[in-house]
file target-v4.txt (compact mmCIF, C-alpha atoms)
# COMPACT_ATOMS: atom_id res chain seq x y z
CA MET A 1 120.70 53.88 267.49
CA ALA A 2 121.92 53.26 271.04
CA ARG A 3 124.87 50.91 271.11
CA LEU A 4 123.85 47.48 272.37
CA ASN A 5 125.41 46.52 275.69
CA PRO A 6 127.06 43.17 274.89
CA ASP A 7 126.46 42.04 278.48
CA VAL A 8 122.82 41.36 277.65
CA LEU A 9 123.96 38.80 275.09
CA ARG A 10 126.35 36.96 277.41
CA LEU A 11 124.52 33.62 277.51
CA TYR A 12 122.10 33.48 274.65
CA LEU A 13 119.49 30.74 274.39
CA VAL A 14 118.03 29.91 270.98
CA THR A 15 114.84 27.92 271.30
CA ASP A 16 114.09 24.62 269.65
CA GLN A 17 110.88 23.09 270.88
CA SER A 18 111.64 19.85 269.08
CA LEU A 19 114.65 19.26 271.35
CA ALA A 20 112.73 19.86 274.56
CA ALA A 21 111.69 16.22 274.89
CA GLY A 22 108.04 16.87 275.61
CA ARG A 23 108.65 19.70 278.08
CA SER A 24 107.03 23.04 277.33
CA LEU A 25 109.12 25.91 276.01
CA ALA A 26 108.03 27.90 279.07
CA ASP A 27 109.46 25.27 281.42
CA VAL A 28 112.78 24.96 279.61
CA VAL A 29 113.27 28.70 279.09
CA GLY A 30 112.09 29.53 282.60
CA ALA A 31 114.62 27.15 284.15
CA ALA A 32 117.42 28.34 281.85
CA VAL A 33 116.76 31.99 282.70
CA GLN A 34 116.81 31.20 286.41
CA GLY A 35 120.17 29.58 285.72
CA GLY A 36 121.68 32.64 284.05
CA VAL A 37 120.54 32.94 280.44
CA SER A 38 120.65 36.65 279.59
CA CYS A 39 118.94 36.69 276.19
CA VAL A 40 116.44 34.40 274.45
CA GLN A 41 115.83 34.01 270.76
CA LEU A 42 112.61 32.44 269.56
CA ARG A 43 113.39 30.42 266.48
CA GLU A 44 110.64 28.06 265.50
CA LYS A 45 110.70 27.97 261.72
CA HIS A 46 107.95 25.39 261.44
CA LEU A 47 105.28 27.36 263.31
CA GLY A 48 102.42 29.14 261.59
CA THR A 49 102.18 32.89 262.19
CA ARG A 50 99.50 32.84 264.85
CA GLU A 51 101.15 30.07 266.84
CA PHE A 52 104.52 31.80 266.50
CA LEU A 53 102.98 34.99 267.91
CA ALA A 54 101.41 33.04 270.78
CA GLN A 55 104.83 31.60 271.69
CA ALA A 56 106.42 35.04 271.38
CA LEU A 57 103.86 36.64 273.68
CA MET A 58 104.28 33.81 276.17
CA LEU A 59 108.06 34.25 276.22
CA LYS A 60 107.77 38.03 276.40
CA ALA A 61 105.65 37.72 279.55
CA LEU A 62 108.02 35.14 280.98
CA LEU A 63 111.19 37.15 280.31
CA ALA A 64 110.07 40.71 281.06
CA PRO A 65 110.19 40.37 284.89
CA HIS A 66 113.81 39.16 284.55
CA ARG A 67 114.71 41.99 282.18
CA VAL A 68 115.91 39.34 279.74
CA PRO A 69 115.47 40.54 276.15
CA LEU A 70 113.45 38.52 273.67
CA VAL A 71 114.85 38.24 270.16
CA ILE A 72 112.68 37.05 267.28
CA ASN A 73 114.26 35.07 264.47
CA ASP A 74 113.50 36.31 260.96
CA ARG A 75 109.93 37.53 261.44
CA ILE A 76 109.76 41.32 261.75
CA ASP A 77 105.97 41.15 261.88
CA ILE A 78 106.07 38.89 264.94
CA ALA A 79 108.75 41.06 266.56
CA LEU A 80 106.58 44.14 266.08
CA ALA A 81 103.42 42.42 267.26
CA CYS A 82 104.96 41.07 270.49
CA GLY A 83 107.19 44.05 271.25
CA ALA A 84 110.44 42.07 271.13
CA GLU A 85 113.67 43.79 272.13
CA GLY A 86 115.63 42.32 269.23
CA VAL A 87 115.48 40.60 265.88
CA HIS A 88 117.89 38.07 264.46
CA LEU A 89 118.35 37.84 260.71
CA GLY A 90 120.02 35.13 258.69
CA GLN A 91 121.29 35.33 255.15
CA SER A 92 117.95 34.19 253.73
CA ASP A 93 115.83 36.51 255.86
CA LEU A 94 114.98 40.16 255.15
CA PRO A 95 117.99 42.28 254.22
CA VAL A 96 119.21 44.19 257.29
CA ASP A 97 118.53 47.60 255.72
CA GLU A 98 114.92 46.67 255.05
CA ALA A 99 114.44 45.30 258.53
CA ARG A 100 115.93 48.44 260.08
CA LYS A 101 113.38 50.60 258.26
CA LEU A 102 110.51 48.56 259.67
CA LEU A 103 111.68 48.39 263.29
CA PRO A 104 111.60 51.00 266.05
CA MET A 105 115.05 52.43 266.75
CA GLU A 106 115.35 50.70 270.12
CA VAL A 107 114.94 47.20 268.67
CA PHE A 108 118.39 45.71 268.10
CA ILE A 109 119.34 43.61 265.10
CA GLY A 110 121.64 40.61 265.07
CA TRP A 111 122.92 39.20 261.82
CA SER A 112 124.35 35.78 261.04
CA VAL A 113 127.68 35.89 259.24
CA GLU A 114 128.67 32.80 257.32
CA SER A 115 131.69 34.14 255.42
CA MET A 116 134.35 36.80 255.75
CA ASP A 117 132.53 38.74 253.03
CA ASP A 118 129.51 38.92 255.33
CA VAL A 119 131.72 40.16 258.17
CA LEU A 120 133.25 42.91 256.04
CA GLN A 121 129.82 43.90 254.75
CA SER A 122 128.51 44.22 258.30
CA ALA A 123 130.67 47.33 258.74
CA VAL A 124 128.25 49.31 256.58
CA LEU A 125 125.04 47.73 257.81
CA PRO A 126 122.87 48.79 260.76
CA VAL A 127 123.58 45.65 262.79
CA ASP A 128 124.12 45.52 266.56
CA TYR A 129 125.82 42.16 266.89
CA LEU A 130 127.07 39.37 264.67
CA GLY A 131 126.07 35.76 265.05
CA VAL A 132 129.14 33.77 264.00
CA SER A 133 127.47 30.70 262.65
CA PRO A 134 128.25 27.85 262.91
CA ILE A 135 131.39 27.64 265.00
CA PHE A 136 131.31 23.87 264.96
CA SER A 137 129.19 21.69 262.73
CA THR A 138 125.88 20.79 264.30
CA SER A 139 122.75 18.87 263.56
CA THR A 140 120.47 21.65 264.87
CA LYS A 141 120.89 23.88 261.87
CA THR A 142 121.66 22.36 258.51
CA ASP A 143 121.14 25.28 256.12
CA THR A 144 124.42 27.05 256.81
CA LYS A 145 127.78 27.03 255.09
CA GLU A 146 131.08 25.59 256.37
CA SER A 147 131.79 25.94 260.06
CA TRP A 148 134.10 28.76 261.20
CA GLY A 149 136.12 26.81 263.74
CA LEU A 150 138.07 28.61 266.44
CA GLU A 151 140.58 30.02 263.94
CA GLY A 152 137.75 31.48 261.87
CA LEU A 153 136.23 33.05 264.96
CA THR A 154 139.57 34.67 265.83
CA LEU A 155 139.77 36.07 262.32
CA VAL A 156 136.28 37.52 262.63
CA ARG A 157 137.33 39.08 265.95
CA THR A 158 140.16 40.95 264.24
CA ALA A 159 137.83 42.21 261.49
CA THR A 160 135.04 43.84 263.49
CA HIS A 161 134.29 45.68 266.71
CA LEU A 162 130.72 44.41 266.86
CA PRO A 163 129.78 42.06 269.68
CA LEU A 164 130.23 38.47 268.52
CA VAL A 165 127.71 35.83 269.44
CA ALA A 166 129.18 32.41 268.74
CA ILE A 167 126.71 29.69 267.81
CA GLY A 168 126.85 26.12 266.62
CA GLY A 169 127.98 23.06 268.54
CA ILE A 170 128.85 24.96 271.72
CA HIS A 171 128.63 23.20 275.09
CA ALA A 172 130.29 23.29 278.51
CA GLY A 173 133.19 21.24 277.18
CA ASN A 174 134.30 23.72 274.52
CA ALA A 175 132.85 27.01 275.83
CA ARG A 176 136.12 28.26 277.31
CA GLU A 177 138.04 27.99 274.06
CA VAL A 178 135.22 29.68 272.12
CA LEU A 179 135.33 32.62 274.51
CA ARG A 180 139.12 32.68 274.35
CA ALA A 181 138.95 32.75 270.55
CA GLY A 182 137.07 36.04 270.67
CA ALA A 183 133.37 35.43 271.33
CA ASP A 184 131.58 37.93 273.58
CA SER A 185 128.67 35.63 273.98
CA LEU A 186 127.75 31.98 273.73
CA ALA A 187 124.57 31.04 271.95
CA VAL A 188 123.31 27.56 272.53
CA VAL A 189 120.40 25.50 271.34
CA SER A 190 120.69 21.87 272.29
CA ALA A 191 123.08 22.47 275.22
CA LEU A 192 120.10 24.02 277.03
CA CYS A 193 116.93 22.92 275.19
CA ALA A 194 117.94 19.26 275.30
CA ALA A 195 119.59 19.38 278.74
CA SER A 196 118.02 17.13 281.33
CA ASP A 197 118.46 20.01 283.80
CA PRO A 198 118.38 23.31 281.86
CA HIS A 199 118.78 25.30 285.09
CA ALA A 200 122.03 23.60 286.05
CA ALA A 201 123.28 23.61 282.46
CA ALA A 202 122.68 27.37 282.23
CA MET A 203 124.43 27.98 285.56
CA GLY A 204 127.46 26.09 284.31
CA LEU A 205 127.66 27.92 281.00
CA ARG A 206 126.98 31.28 282.59
CA SER A 207 129.83 30.92 285.05
CA LEU A 208 132.18 30.05 282.18
CA CYS A 209 131.05 33.22 280.37
CA ASP A 210 131.41 35.42 283.45
CA GLU A 211 134.85 34.01 284.21
CA ALA A 212 136.15 34.51 280.67
CA LEU A 213 134.85 38.05 280.41
CA LYS A 214 136.24 38.95 283.83
CA ALA A 215 139.66 37.67 282.77
CA ARG A 216 139.44 39.77 279.61
CA ARG A 217 138.73 43.07 281.39
CA MET B 1 90.06 53.84 256.96
CA ALA B 2 88.86 54.54 253.42
CA ARG B 3 86.29 52.02 252.30
CA LEU B 4 87.75 49.61 249.75
CA ASN B 5 86.25 49.89 246.29
CA PRO B 6 85.11 46.31 245.56
CA ASP B 7 85.76 46.87 241.86
CA VAL B 8 89.49 46.43 242.45
CA LEU B 9 88.82 42.92 243.69
CA ARG B 10 86.65 41.87 240.76
CA LEU B 11 88.94 39.18 239.35
CA TYR B 12 91.44 38.21 241.97
CA LEU B 13 94.43 36.03 241.17
CA VAL B 14 96.10 34.09 243.99
CA THR B 15 99.53 32.89 242.98
CA ASP B 16 100.82 29.36 243.15
CA GLN B 17 104.18 28.96 241.51
CA SER B 18 103.96 25.19 241.80
CA LEU B 19 100.99 25.17 239.39
CA ALA B 20 102.72 27.31 236.77
CA ALA B 21 104.27 24.30 235.01
CA GLY B 22 107.76 25.72 234.75
CA ARG B 23 106.67 29.20 233.64
CA SER B 24 107.80 32.13 235.76
CA LEU B 25 105.35 33.85 238.06
CA ALA B 26 106.04 37.06 236.14
CA ASP B 27 104.95 35.45 232.86
CA VAL B 28 101.77 33.95 234.27
CA VAL B 29 100.75 37.03 236.27
CA GLY B 30 101.69 39.39 233.45
CA ALA B 31 99.50 37.53 230.98
CA ALA B 32 96.62 37.24 233.46
CA VAL B 33 96.70 40.97 234.21
CA GLN B 34 96.66 41.78 230.50
CA GLY B 35 93.59 39.55 230.34
CA GLY B 36 91.71 41.40 233.08
CA VAL B 37 92.89 40.34 236.52
CA SER B 38 92.24 43.32 238.82
CA CYS B 39 94.04 42.21 242.00
CA VAL B 40 96.91 39.79 242.72
CA GLN B 41 97.68 38.00 245.96
CA LEU B 42 101.14 36.57 246.49
CA ARG B 43 100.76 33.36 248.46
CA GLU B 44 103.84 31.24 248.46
CA LYS B 45 103.91 29.60 251.89
CA HIS B 46 107.04 27.55 251.19
CA LEU B 47 109.32 30.49 250.35
CA GLY B 48 111.95 31.82 252.74
CA THR B 49 111.62 35.45 253.73
CA ARG B 50 114.20 36.89 251.37
CA GLU B 51 112.90 34.97 248.38
CA PHE B 52 109.33 35.91 249.29
CA LEU B 53 110.35 39.57 249.36
CA ALA B 54 112.08 39.25 246.00
CA GLN B 55 108.89 37.83 244.47
CA ALA B 56 106.82 40.55 246.12
CA LEU B 57 109.04 43.32 244.76
CA MET B 58 108.97 41.74 241.31
CA LEU B 59 105.16 41.59 241.33
CA LYS B 60 104.89 45.10 242.73
CA ALA B 61 106.95 46.44 239.81
CA LEU B 62 104.93 44.36 237.36
CA LEU B 63 101.53 45.44 238.69
CA ALA B 64 102.08 49.12 239.51
CA PRO B 65 101.89 50.37 235.88
CA HIS B 66 98.51 48.62 235.57
CA ARG B 67 97.29 50.05 238.87
CA VAL B 68 96.56 46.48 239.97
CA PRO B 69 96.92 46.15 243.74
CA LEU B 70 99.29 43.60 245.23
CA VAL B 71 98.05 41.70 248.27
CA ILE B 72 100.46 39.76 250.47
CA ASN B 73 99.28 36.61 252.17
CA ASP B 74 99.96 36.37 255.90
CA ARG B 75 103.31 38.18 256.08
CA ILE B 76 102.90 41.75 257.35
CA ASP B 77 106.67 42.20 257.28
CA ILE B 78 106.80 41.42 253.57
CA ALA B 79 103.79 43.64 252.90
CA LEU B 80 105.48 46.53 254.67
CA ALA B 81 108.83 45.93 252.99
CA CYS B 82 107.40 45.83 249.46
CA GLY B 83 104.74 48.50 249.91
CA ALA B 84 101.82 46.19 249.11
CA GLU B 85 98.35 47.68 248.80
CA GLY B 86 96.72 44.89 250.77
CA VAL B 87 97.22 41.97 253.12
CA HIS B 88 95.25 38.76 253.28
CA LEU B 89 94.94 36.95 256.59
CA GLY B 90 93.75 33.42 257.26
CA GLN B 91 92.59 31.96 260.53
CA SER B 92 96.11 30.85 261.47
CA ASP B 93 97.79 34.13 260.54
CA LEU B 94 98.12 37.23 262.72
CA PRO B 95 94.86 38.33 264.34
CA VAL B 96 93.27 41.12 262.29
CA ASP B 97 93.51 43.64 265.14
CA GLU B 98 97.24 43.05 265.49
CA ALA B 99 97.80 43.34 261.77
CA ARG B 100 95.81 46.57 261.59
CA LYS B 101 98.08 48.13 264.22
CA LEU B 102 101.18 47.30 262.18
CA LEU B 103 99.91 48.45 258.79
CA PRO B 104 99.54 51.95 257.35
CA MET B 105 95.91 53.05 257.20
CA GLU B 106 95.76 52.81 253.41
CA VAL B 107 96.69 49.13 253.30
CA PHE B 108 93.53 47.07 253.09
CA ILE B 109 92.98 43.80 254.94
CA GLY B 110 91.16 40.75 253.66
CA TRP B 111 90.20 37.97 256.00
CA SER B 112 89.30 34.35 255.25
CA VAL B 113 86.06 33.22 256.83
CA GLU B 114 85.59 29.51 257.26
CA SER B 115 82.49 29.49 259.44
CA MET B 116 79.42 31.62 260.17
CA ASP B 117 81.04 32.52 263.49
CA ASP B 118 83.93 34.08 261.58
CA VAL B 119 81.47 36.04 259.43
CA LEU B 120 79.63 37.41 262.45
CA GLN B 121 82.91 38.27 264.15
CA SER B 122 84.04 40.22 261.09
CA ALA B 123 81.45 42.87 261.89
CA VAL B 124 83.60 44.12 264.76
CA LEU B 125 86.99 43.67 263.08
CA PRO B 126 88.87 46.16 260.89
CA VAL B 127 88.57 44.08 257.72
CA ASP B 128 87.95 45.42 254.23
CA TYR B 129 86.74 42.29 252.49
CA LEU B 130 85.99 38.68 253.34
CA GLY B 131 87.49 35.72 251.55
CA VAL B 132 84.77 33.07 251.57
CA SER B 133 86.91 29.98 251.58
CA PRO B 134 86.57 27.44 250.16
CA ILE B 135 83.41 27.64 248.06
CA PHE B 136 84.04 24.23 246.54
CA SER B 137 86.52 21.67 247.74
CA THR B 138 89.87 22.00 246.06
CA SER B 139 93.28 20.40 246.05
CA THR B 140 95.11 23.78 246.09
CA LYS B 141 94.44 24.49 249.72
CA THR B 142 94.01 21.63 252.13
CA ASP B 143 94.17 23.34 255.54
CA THR B 144 90.63 24.74 255.50
CA LYS B 145 87.37 23.52 256.96
CA GLU B 146 84.30 22.29 255.09
CA SER B 147 83.41 24.01 251.85
CA TRP B 148 80.69 26.68 251.89
CA GLY B 149 78.91 25.69 248.73
CA LEU B 150 76.62 28.14 246.94
CA GLU B 151 74.02 28.00 249.73
CA GLY B 152 76.67 28.88 252.29
CA LEU B 153 77.85 31.79 250.18
CA THR B 154 74.28 33.11 249.94
CA LEU B 155 73.98 32.88 253.71
CA VAL B 156 77.21 34.84 254.14
CA ARG B 157 75.84 37.46 251.72
CA THR B 158 72.82 38.02 253.96
CA ALA B 159 75.02 38.35 257.05
CA THR B 160 77.48 41.07 256.00
CA HIS B 161 77.85 44.15 253.85
CA LEU B 162 81.56 43.59 253.29
CA PRO B 163 82.75 42.76 249.78
CA LEU B 164 82.85 39.00 249.34
CA VAL B 165 85.71 37.36 247.50
CA ALA B 166 84.79 33.78 246.69
CA ILE B 167 87.66 31.33 246.50
CA GLY B 168 88.10 27.60 246.10
CA GLY B 169 87.38 25.49 243.06
CA ILE B 170 86.12 28.37 240.93
CA HIS B 171 86.48 28.21 237.14
CA ALA B 172 84.73 29.47 234.01
CA GLY B 173 82.19 26.65 234.28
CA ASN B 174 80.81 27.62 237.70
CA ALA B 175 81.74 31.33 237.90
CA ARG B 176 78.26 32.59 236.95
CA GLU B 177 76.51 30.70 239.73
CA VAL B 178 79.10 31.84 242.29
CA LEU B 179 78.48 35.46 241.32
CA ARG B 180 74.74 34.89 241.37
CA ALA B 181 75.01 33.41 244.87
CA GLY B 182 76.40 36.69 246.17
CA ALA B 183 80.13 36.96 245.43
CA ASP B 184 81.44 40.39 244.47
CA SER B 185 84.66 38.92 243.25
CA LEU B 186 86.09 35.66 242.01
CA ALA B 187 89.43 34.56 243.35
CA VAL B 188 91.17 31.84 241.43
CA VAL B 189 94.40 29.93 241.77
CA SER B 190 94.61 27.01 239.39
CA ALA B 191 92.06 28.41 236.90
CA LEU B 192 94.74 30.98 236.00
CA CYS B 193 98.07 29.69 237.31
CA ALA B 194 97.64 26.30 235.69
CA ALA B 195 95.88 27.59 232.55
CA SER B 196 97.69 26.86 229.31
CA ASP B 197 96.74 30.41 228.23
CA PRO B 198 96.39 32.58 231.36
CA HIS B 199 95.60 35.65 229.23
CA ALA B 200 92.63 34.04 227.53
CA ALA B 201 91.50 32.38 230.77
CA ALA B 202 91.55 35.76 232.54
CA MET B 203 89.63 37.42 229.72
CA GLY B 204 86.94 34.77 229.97
CA LEU B 205 86.58 35.03 233.74
CA ARG B 206 86.70 38.80 233.70
CA SER B 207 83.88 39.07 231.20
CA LEU B 208 81.77 36.77 233.37
CA CYS B 209 82.45 39.05 236.37
CA ASP B 210 81.68 42.24 234.46
CA GLU B 211 78.47 40.77 233.07
CA ALA B 212 77.24 39.57 236.45
CA LEU B 213 77.99 42.84 238.18
CA LYS B 214 76.37 44.87 235.40
CA ALA B 215 73.23 42.77 235.70
CA ARG B 216 73.23 43.38 239.46
CA ARG B 217 73.35 47.19 239.22
call {"tool": "encode", "arguments": {"input": "target-v4.txt", "output": "structure tokens"}}
result
Amino acid sequence: MARLNPDVLRLYLVTDQSLAAGRSLADVVGAAVQGGVSCVQLREKHLGTREFLAQALMLKALLAPHRVPLVINDRIDIALACGAEGVHLGQSDLPVDEARKLLPMEVFIGWSVESMDDVLQSAVLPVDYLGVSPIFSTSTKTDTKESWGLEGLTLVRTATHLPLVAIGGIHAGNAREVLRAGADSLAVVSALCAASDPHAAAMGLRSLCDEALKARR
Amino acid sequence: MARLNPDVLRLYLVTDQSLAAGRSLADVVGAAVQGGVSCVQLREKHLGTREFLAQALMLKALLAPHRVPLVINDRIDIALACGAEGVHLGQSDLPVDEARKLLPMEVFIGWSVESMDDVLQSAVLPVDYLGVSPIFSTSTKTDTKESWGLEGLTLVRTATHLPLVAIGGIHAGNAREVLRAGADSLAVVSALCAASDPHAAAMGLRSLCDEALKARR
């Protein structure tokens, strides 16, 4: 398995159609990618399979010219059918080992860690990045455990060499400290999907990411 | 693709845990298989992926010694992960062509037809049987179109050579006429899952199937 270049994760948009205030996913994602989003995860738990695939194919076509990878949440079948570059698995999705067997080698796998046990376990699993989830408590995702906080994120950083994608309650106001605490990447849902100007919001977040990672090198 | 032997479909149980009145799926399915069920479809739309896989693996282990095929509803990823013998697709699931590309050749595909257009289209699709759904109106499945009725089923019979699995509102009291109208197989949900004695209920339905098919040959 080729090692995933963490740069592709830098600013990571997770979709939530319900936050898009009547705008299409294509419009919101298109604007956010123009603004600097480097990776997009399709997470639409409420969609039926065929509609989920239709959204995935739409995003794939939208993202491919920008060389922005598409990540599918949970559904390996959808990822295979649309030719996604990555898959993101939570603790109630397929076990990572099972998913790895079903996916072509070049498809990367992200895994949500909700406890230090998960982080330690990731060392022996075929995962390419960890989603540290949630950093702050959030109303977007309610099925997760306690939030990590910045201290938790720093602990995770000391425990693994995998790229860390921080998610949960992240916005322009706290992005710097999340990156300083050890995140390689910021994943956002509402900070882009609900933004009145997703293009400008992405530009702002992307420059914070670029700045922090430049300082680190 | 090897042609599917319609005998394996003869009495086809579709699971619905919510109808099992507190009994485990293993208990209900185990008893029904002892009674003569020849094929089992796992359809539990509300389950998360990991729990769905756990149920699939449990059923696979339960059914394998009886050489009863396991069919997974909708989820190609689960079918692949558990090594199911078949997949059943509805009109809002993955398109049949897409599913066929993702599945090993030996995994059969059933497809729900809800209109004569679907039936005619099936002639050019890689499907192994048709689920004629629903025959009678039913409270188990509410997302389907008008019911076919016995006349509709007979029309479908004249329009295709594929094995026909009749589903929707079928029980011991109307099974004979459904078979007479052209079904090769009876699929039941509540007639077995909600039966106080699934073993006896399966025996009764199976003997009706065997009788009808013997008379036909």
call {"tool": "axis_aligned_box", "arguments": {"input": "target-v4.txt", "around": "segment 149-163 of chain A", "padding_each_side": "8 Å", "output": "AutoDock Vina command-line options"}}
result
--center_x 135.2 --center_y 36.2 --center_z 265.6 --size_x 26.8 --size_y 34.9 --size_z 24.2
call {"tool": "atom_distance", "arguments": {"input": "target-v4.txt", "atom1": "atom CA of Gly149 of chain B", "atom2": "atom CA of Glu51 of chain A"}}
result
29.0 Å
call {"tool": "closest_atom_pairs", "arguments": {"input": "target-v4.txt", "of": "chain B", "to": "chain A", "cutoff": "12 Å", "atoms": "all atoms listed in the file", "output": "JSON lines"}}
result
{"residue": "B:Lys45", "atom": "CA", "partner": "A:Gly48", "partner_atom": "CA", "distance": 9.8}
{"residue": "B:His46", "atom": "CA", "partner": "A:His46", "partner_atom": "CA", "distance": 10.5}
{"residue": "B:Leu47", "atom": "CA", "partner": "A:Ser92", "partner_atom": "CA", "distance": 10.0}
{"residue": "B:Gly48", "atom": "CA", "partner": "A:Ser92", "partner_atom": "CA", "distance": 6.5}
{"residue": "B:Thr49", "atom": "CA", "partner": "A:Asp93", "partner_atom": "CA", "distance": 4.8}
{"residue": "B:Arg50", "atom": "CA", "partner": "A:Asp93", "partner_atom": "CA", "distance": 4.8}
{"residue": "B:Glu51", "atom": "CA", "partner": "A:Ser92", "partner_atom": "CA", "distance": 7.4}
{"residue": "B:Phe52", "atom": "CA", "partner": "A:Leu94", "partner_atom": "CA", "distance": 9.2}
{"residue": "B:Leu53", "atom": "CA", "partner": "A:Leu94", "partner_atom": "CA", "distance": 7.4}
{"residue": "B:Ala54", "atom": "CA", "partner": "A:Leu94", "partner_atom": "CA", "distance": 9.6}
{"residue": "B:Asn73", "atom": "CA", "partner": "A:Thr49", "partner_atom": "CA", "distance": 11.1}
{"residue": "B:Asp74", "atom": "CA", "partner": "A:Thr49", "partner_atom": "CA", "distance": 7.5}
{"residue": "B:Arg75", "atom": "CA", "partner": "A:Asp77", "partner_atom": "CA", "distance": 7.0}
{"residue": "B:Ile76", "atom": "CA", "partner": "A:Asp77", "partner_atom": "CA", "distance": 5.5}
{"residue": "B:Asp77", "atom": "CA", "partner": "A:Asp77", "partner_atom": "CA", "distance": 4.8}
{"residue": "B:Ile78", "atom": "CA", "partner": "A:Asp77", "partner_atom": "CA", "distance": 8.4}
{"residue": "B:Ala79", "atom": "CA", "partner": "A:Asp77", "partner_atom": "CA", "distance": 9.6}
{"residue": "B:Leu80", "atom": "CA", "partner": "A:Leu102", "partner_atom": "CA", "distance": 7.4}
{"residue": "B:Ala81", "atom": "CA", "partner": "A:Glu98", "partner_atom": "CA", "distance": 6.5}
{"residue": "B:Cys82", "atom": "CA", "partner": "A:Glu98", "partner_atom": "CA", "distance": 9.4}
{"residue": "B:Gly83", "atom": "CA", "partner": "A:Leu102", "partner_atom": "CA", "distance": 11.3}
{"residue": "B:Leu89", "atom": "CA", "partner": "A:Thr49", "partner_atom": "CA", "distance": 10.0}
{"residue": "B:Gly90", "atom": "CA", "partner": "A:Arg50", "partner_atom": "CA", "distance": 9.5}
{"residue": "B:Gln91", "atom": "CA", "partner": "A:Arg50", "partner_atom": "CA", "distance": 8.2}
{"residue": "B:Ser92", "atom": "CA", "partner": "A:Arg50", "partner_atom": "CA", "distance": 5.2}
{"residue": "B:Asp93", "atom": "CA", "partner": "A:Arg50", "partner_atom": "CA", "distance": 4.8}
{"residue": "B:Leu94", "atom": "CA", "partner": "A:Arg50", "partner_atom": "CA", "distance": 5.1}
{"residue": "B:Pro95", "atom": "CA", "partner": "A:Arg50", "partner_atom": "CA", "distance": 7.2}
{"residue": "B:Val96", "atom": "CA", "partner": "A:Arg50", "partner_atom": "CA", "distance": 10.7}
{"residue": "B:Asp97", "atom": "CA", "partner": "A:Ala81", "partner_atom": "CA", "distance": 10.2}
{"residue": "B:Glu98", "atom": "CA", "partner": "A:Ala81", "partner_atom": "CA", "distance": 6.5}
{"residue": "B:Ala99", "atom": "CA", "partner": "A:Ala81", "partner_atom": "CA", "distance": 7.9}
{"residue": "B:Arg100", "atom": "CA", "partner": "A:Ala81", "partner_atom": "CA", "distance": 10.4}
{"residue": "B:Lys101", "atom": "CA", "partner": "A:Ala81", "partner_atom": "CA", "distance": 8.4}
{"residue": "B:Leu102", "atom": "CA", "partner": "A:Leu80", "partner_atom": "CA", "distance": 7.4}
{"residue": "B:Leu103", "atom": "CA", "partner": "A:Asp77", "partner_atom": "CA", "distance": 10.0}
{"residue": "B:Pro104", "atom": "CA", "partner": "A:Leu102", "partner_atom": "CA", "distance": 11.7}
{"residue": "B:Asp143", "atom": "CA", "partner": "A:Gly48", "partner_atom": "CA", "distance": 11.8}
call {"tool": "write_last_selection", "arguments": {"input": "target-v4.txt", "atoms": "C-alpha atoms", "output": "short mmCIF file (atom, residue, chain, number, x, y, z; two decimals), in the frame of the given file"}}
result
data_model
loop_
_atom_site.label_atom_id
_atom_site.label_comp_id
_atom_site.auth_asym_id
_atom_site.auth_seq_id
_atom_site.Cartn_x
_atom_site.Cartn_y
_atom_site.Cartn_z
CA LYS B 45 103.91 29.60 251.89
CA HIS B 46 107.04 27.55 251.19
CA LEU B 47 109.32 30.49 250.35
CA GLY B 48 111.95 31.82 252.74
CA THR B 49 111.62 35.45 253.73
CA ARG B 50 114.20 36.89 251.37
CA GLU B 51 112.90 34.97 248.38
CA PHE B 52 109.33 35.91 249.29
CA LEU B 53 110.35 39.57 249.36
CA ALA B 54 112.08 39.25 246.00
CA ASN B 73 99.28 36.61 252.17
CA ASP B 74 99.96 36.37 255.90
CA ARG B 75 103.31 38.18 256.08
CA ILE B 76 102.90 41.75 257.35
CA ASP B 77 106.67 42.20 257.28
CA ILE B 78 106.80 41.42 253.57
CA ALA B 79 103.79 43.64 252.90
CA LEU B 80 105.48 46.53 254.67
CA ALA B 81 108.83 45.93 252.99
CA CYS B 82 107.40 45.83 249.46
CA GLY B 83 104.74 48.50 249.91
CA LEU B 89 94.94 36.95 256.59
CA GLY B 90 93.75 33.42 257.26
CA GLN B 91 92.59 31.96 260.53
CA SER B 92 96.11 30.85 261.47
CA ASP B 93 97.79 34.13 260.54
CA LEU B 94 98.12 37.23 262.72
CA PRO B 95 94.86 38.33 264.34
CA VAL B 96 93.27 41.12 262.29
CA ASP B 97 93.51 43.64 265.14
CA GLU B 98 97.24 43.05 265.49
CA ALA B 99 97.80 43.34 261.77
CA ARG B 100 95.81 46.57 261.59
CA LYS B 101 98.08 48.13 264.22
CA LEU B 102 101.18 47.30 262.18
CA LEU B 103 99.91 48.45 258.79
CA PRO B 104 99.54 51.95 257.35
CA ASP B 143 94.17 23.34 255.54
#
call {"tool": "atom_distance", "arguments": {"input": "target-v4.txt", "atom1": "atom CA of Leu153 of chain A", "atom2": "atom CA of Asn174 of chain A"}}
result
13.5 Å
call {"tool": "atom_distance", "arguments": {"input": "target-v4.txt", "atom1": "atom CA of Ile109 of chain B", "atom2": "atom CA of Tyr129 of chain B"}}
result
6.9 Å
call {"tool": "closest_residue", "arguments": {"input": "target-v4.txt", "among": "B:Thr138, B:Ser133, B:Ser185, B:Ser196", "to": "Ala32 of chain B", "atoms": "only C-alpha atoms"}}
result
B:Ser196
call {"tool": "closest_residue", "arguments": {"input": "target-v4.txt", "among": "B:Asp197, B:Glu177, B:Glu106, B:Glu85", "to": "Leu9 of chain B", "atoms": "all atoms listed in the file"}}
result
B:Glu85
call {"tool": "residues_around", "arguments": {"input": "target-v4.txt", "residues": "Gln34 of chain B", "least_positions_apart": "5", "cutoff": "10 Å", "atoms": "all atoms listed in the file", "output": "list in words"}}
result
Val29, His66, Pro198, His199, Ala200, Ala202 and Met203 of chain B
